[in-house]
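Below is one structure, written out as structure tokens; the observations come after it.
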Amino acid sequence: MALSPKAEDLQPTRSPFLVVEVWYMITDILCDAENEEQDEGRTRAKCSSPLRDLISLSSTCTWLRTILVPRIFAVIYLRNTTKSALSIKAIADSNFSGFVKEVQYVASYVYPPEVDTVLSSLASFKNLRTISVEFPSTMTS
């Protein structure tokens, strides 16, 4: 007669790799949604919904922050405001500057001196590959 296994032996074991894979799949889905919005030609006046979701998700725990930071900071957007320029400068001075691969700038004829400071110090972003400058079709001075 065979011995029956203990209840503990019948419990499924959790694989941490499965959980990690699920989080990477969720991240990829959110990033794909972000890329679709960008492909539709929408100007980045505000943070997109998928990017806001990634930022919110990254604030839940340090492990998720670690895997999401490279995606959150891959592309940063500089608008013609002092607030935007100071935000970009803060990123340049932080540990996140190495994750920035692209800077997109919406230009105008007149801009605050802080924007000039950011544009003249793009070397702070060591992995910067692309700088995009958009000139709105209806520029006013």
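Every chain in the structure tokens takes a letter, A first, then B, and so on in the order presented; its residues are numbered from 1, and the ligands are numbered from 1 following the presented order.
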
**Asked** If we count only C-alpha atoms, what is near segment 109-118 of chain A at a cut-off of 7 Å, once residues fewer than 4 positions away on the same chain are taken out, given as a PyMOL selection string?
**Response** chain A and resi 80-82+85-86+89+122+141

**Message:** List the spatial neighbours of segment 133-135 of chain A as a count of residues only - criterion: any atom at most 8 Å away, only C-alpha atoms, same-chain residues fewer than 2 positions off excluded.
**Reply:** 8

**Long-range neighbours of segment 53-64 of chain A as an NGL selection string, 10 Å cut-off, only C-alpha atoms, 3 positions minimum in chain** = :A and (20 or 23-24 or 26-27 or 30-31 or 34 or 47-50 or 67-69 or 71-73)

Could those selected residues go to a file with all heavy atoms, as a compact mmCIF listing (two decimals), in the first residue's frame?
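Wrote it out as part_30.txt, contents follow:
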# COMPACT_ATOMS: atom_id res chain seq x y z
N VAL A 20 7.85 37.33 -12.86
CA VAL A 20 8.69 38.30 -13.56
C VAL A 20 8.26 38.41 -15.02
O VAL A 20 8.13 39.51 -15.56
CB VAL A 20 10.18 37.91 -13.45
CG1 VAL A 20 11.04 38.78 -14.35
CG2 VAL A 20 10.64 38.00 -12.01
N TRP A 23 5.12 40.50 -15.44
CA TRP A 23 5.37 41.94 -15.32
C TRP A 23 6.03 42.49 -16.58
O TRP A 23 5.71 43.59 -17.02
CB TRP A 23 6.20 42.26 -14.08
CG TRP A 23 5.35 42.27 -12.85
CD1 TRP A 23 5.42 41.42 -11.80
CD2 TRP A 23 4.26 43.16 -12.57
NE1 TRP A 23 4.45 41.73 -10.88
CE2 TRP A 23 3.72 42.79 -11.32
CE3 TRP A 23 3.68 44.22 -13.24
CZ2 TRP A 23 2.66 43.45 -10.74
CZ3 TRP A 23 2.61 44.89 -12.66
CH2 TRP A 23 2.11 44.50 -11.43
N TYR A 24 6.94 41.73 -17.17
CA TYR A 24 7.55 42.19 -18.41
C TYR A 24 6.51 42.24 -19.53
O TYR A 24 6.56 43.15 -20.37
CB TYR A 24 8.72 41.28 -18.81
CG TYR A 24 10.01 41.66 -18.11
CD1 TYR A 24 10.60 40.79 -17.20
CD2 TYR A 24 10.63 42.88 -18.35
CE1 TYR A 24 11.77 41.13 -16.55
CE2 TYR A 24 11.80 43.23 -17.70
CZ TYR A 24 12.37 42.36 -16.81
OH TYR A 24 13.53 42.70 -16.16
N ILE A 26 3.27 42.88 -19.15
CA ILE A 26 2.44 44.06 -18.86
C ILE A 26 3.17 45.32 -19.29
O ILE A 26 2.60 46.21 -19.94
CB ILE A 26 2.07 44.11 -17.36
CG1 ILE A 26 1.09 42.99 -17.03
CG2 ILE A 26 1.49 45.47 -16.99
CD1 ILE A 26 0.86 42.79 -15.55
N THR A 27 4.45 45.40 -18.97
CA THR A 27 5.26 46.55 -19.36
C THR A 27 5.31 46.69 -20.87
O THR A 27 5.16 47.79 -21.41
CB THR A 27 6.69 46.40 -18.80
OG1 THR A 27 6.61 46.27 -17.39
CG2 THR A 27 7.55 47.58 -19.16
N LEU A 30 2.02 48.11 -22.20
CA LEU A 30 1.90 49.56 -21.95
C LEU A 30 2.83 50.34 -22.88
O LEU A 30 2.45 51.40 -23.39
CB LEU A 30 2.21 49.88 -20.49
CG LEU A 30 1.15 49.41 -19.49
CD1 LEU A 30 1.65 49.60 -18.06
CD2 LEU A 30 -0.15 50.15 -19.70
N CYS A 31 4.01 49.84 -23.12
CA CYS A 31 4.95 50.53 -24.01
C CYS A 31 4.46 50.48 -25.46
O CYS A 31 4.63 51.44 -26.20
CB CYS A 31 6.34 49.94 -23.90
SG CYS A 31 7.12 50.35 -22.33
N GLU A 34 1.93 53.13 -25.86
CA GLU A 34 2.61 54.43 -25.94
C GLU A 34 3.14 54.66 -27.34
O GLU A 34 2.99 55.73 -27.92
CB GLU A 34 3.76 54.48 -24.93
CG GLU A 34 4.68 55.63 -25.13
CD GLU A 34 4.62 56.62 -24.01
OE1 GLU A 34 4.09 56.30 -22.96
OE2 GLU A 34 5.10 57.72 -24.22
N CYS A 47 1.63 64.28 -20.66
CA CYS A 47 2.09 62.91 -20.47
C CYS A 47 1.00 61.96 -20.97
O CYS A 47 -0.17 62.09 -20.59
CB CYS A 47 2.36 62.71 -18.98
SG CYS A 47 3.06 61.13 -18.56
N SER A 48 1.35 61.01 -21.82
CA SER A 48 0.36 60.10 -22.37
C SER A 48 -0.16 59.15 -21.29
O SER A 48 0.49 58.92 -20.27
CB SER A 48 0.96 59.30 -23.52
OG SER A 48 1.92 58.40 -23.01
N SER A 49 -1.31 58.59 -21.54
CA SER A 49 -1.93 57.67 -20.59
C SER A 49 -1.06 56.45 -20.30
O SER A 49 -0.86 56.10 -19.14
CB SER A 49 -3.31 57.26 -21.10
OG SER A 49 -3.92 56.40 -20.18
N PRO A 50 -0.49 55.77 -21.33
CA PRO A 50 0.38 54.62 -21.03
C PRO A 50 1.61 55.02 -20.21
O PRO A 50 2.02 54.28 -19.33
CB PRO A 50 0.77 54.10 -22.41
CG PRO A 50 -0.32 54.55 -23.31
CD PRO A 50 -0.76 55.88 -22.77
N ILE A 67 12.84 47.98 -13.16
CA ILE A 67 12.64 47.51 -14.53
C ILE A 67 11.94 48.56 -15.41
O ILE A 67 12.05 48.50 -16.62
CB ILE A 67 11.90 46.16 -14.61
CG1 ILE A 67 10.46 46.26 -14.12
CG2 ILE A 67 12.65 45.08 -13.89
CD1 ILE A 67 9.64 45.04 -14.48
N LEU A 68 11.25 49.53 -14.79
CA LEU A 68 10.50 50.50 -15.59
C LEU A 68 11.27 51.80 -15.87
O LEU A 68 10.98 52.47 -16.86
CB LEU A 68 9.17 50.83 -14.90
CG LEU A 68 8.18 49.68 -14.83
CD1 LEU A 68 6.96 50.07 -14.02
CD2 LEU A 68 7.77 49.23 -16.22
N VAL A 69 12.21 52.16 -15.03
CA VAL A 69 12.93 53.43 -15.20
C VAL A 69 13.55 53.58 -16.59
O VAL A 69 13.42 54.64 -17.21
CB VAL A 69 13.97 53.62 -14.07
CG1 VAL A 69 15.05 54.61 -14.45
CG2 VAL A 69 13.28 54.07 -12.81
N ARG A 71 12.51 52.58 -19.38
CA ARG A 71 11.46 52.86 -20.35
C ARG A 71 10.82 54.22 -20.10
O ARG A 71 10.44 54.91 -21.04
CB ARG A 71 10.40 51.76 -20.31
CG ARG A 71 10.95 50.45 -20.82
CD ARG A 71 9.95 49.34 -20.64
NE ARG A 71 10.54 48.08 -21.01
CZ ARG A 71 10.05 47.30 -21.96
NH1 ARG A 71 8.99 47.66 -22.62
NH2 ARG A 71 10.63 46.17 -22.23
N ILE A 72 10.69 54.59 -18.84
CA ILE A 72 10.06 55.88 -18.51
C ILE A 72 10.92 57.04 -18.99
O ILE A 72 10.42 58.03 -19.52
CB ILE A 72 9.80 55.97 -16.99
CG1 ILE A 72 8.70 54.98 -16.59
CG2 ILE A 72 9.43 57.38 -16.58
CD1 ILE A 72 8.51 54.82 -15.09
N PHE A 73 12.23 56.93 -18.83
CA PHE A 73 13.12 58.03 -19.17
C PHE A 73 13.77 57.91 -20.55
O PHE A 73 14.65 58.70 -20.89
CB PHE A 73 14.20 58.18 -18.10
CG PHE A 73 13.67 58.71 -16.81
CD1 PHE A 73 13.40 57.86 -15.75
CD2 PHE A 73 13.41 60.06 -16.66
CE1 PHE A 73 12.90 58.34 -14.56
CE2 PHE A 73 12.90 60.56 -15.47
CZ PHE A 73 12.65 59.70 -14.42

**Message:** Restricting the calculation to only C-alpha atoms: of A:Ala90, A:Ile29, A:Val75, A:Ser97, which residue gets closest to Ser132 of chain A?
**Reply:**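 With only C-alpha atoms as the atom set, the closest residue is A:Val75.
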
**Request:** For atom CA of Leu128 of chain A and atom CA of Glu102 of chain A, determine how far apart the two atoms are, in Å to one decimal place.
**Result:** 5.7 Å

**Request:** Pull the strand (DSSP E or B) assignments for segment 26-120 of chain A out of DSSP run on the backbone, and list those residues as an MDAnalysis selection string.
**Result:** chainID A and resid 75:78 102:106

**Request:** Would you mind telling me which residue in A:Met25, A:Pro136, A:Thr130, A:Leu119 lies nearest to Ser84 of chain A when using only C-alpha atoms?
**Result:** A:Leu119

**Message:** I'd like to know which of A:Ala74, A:Glu21, A:Arg65, A:Ala123 is closest to Ala92 of chain A, using only C-alpha atoms.
**Reply:** A:Ala123
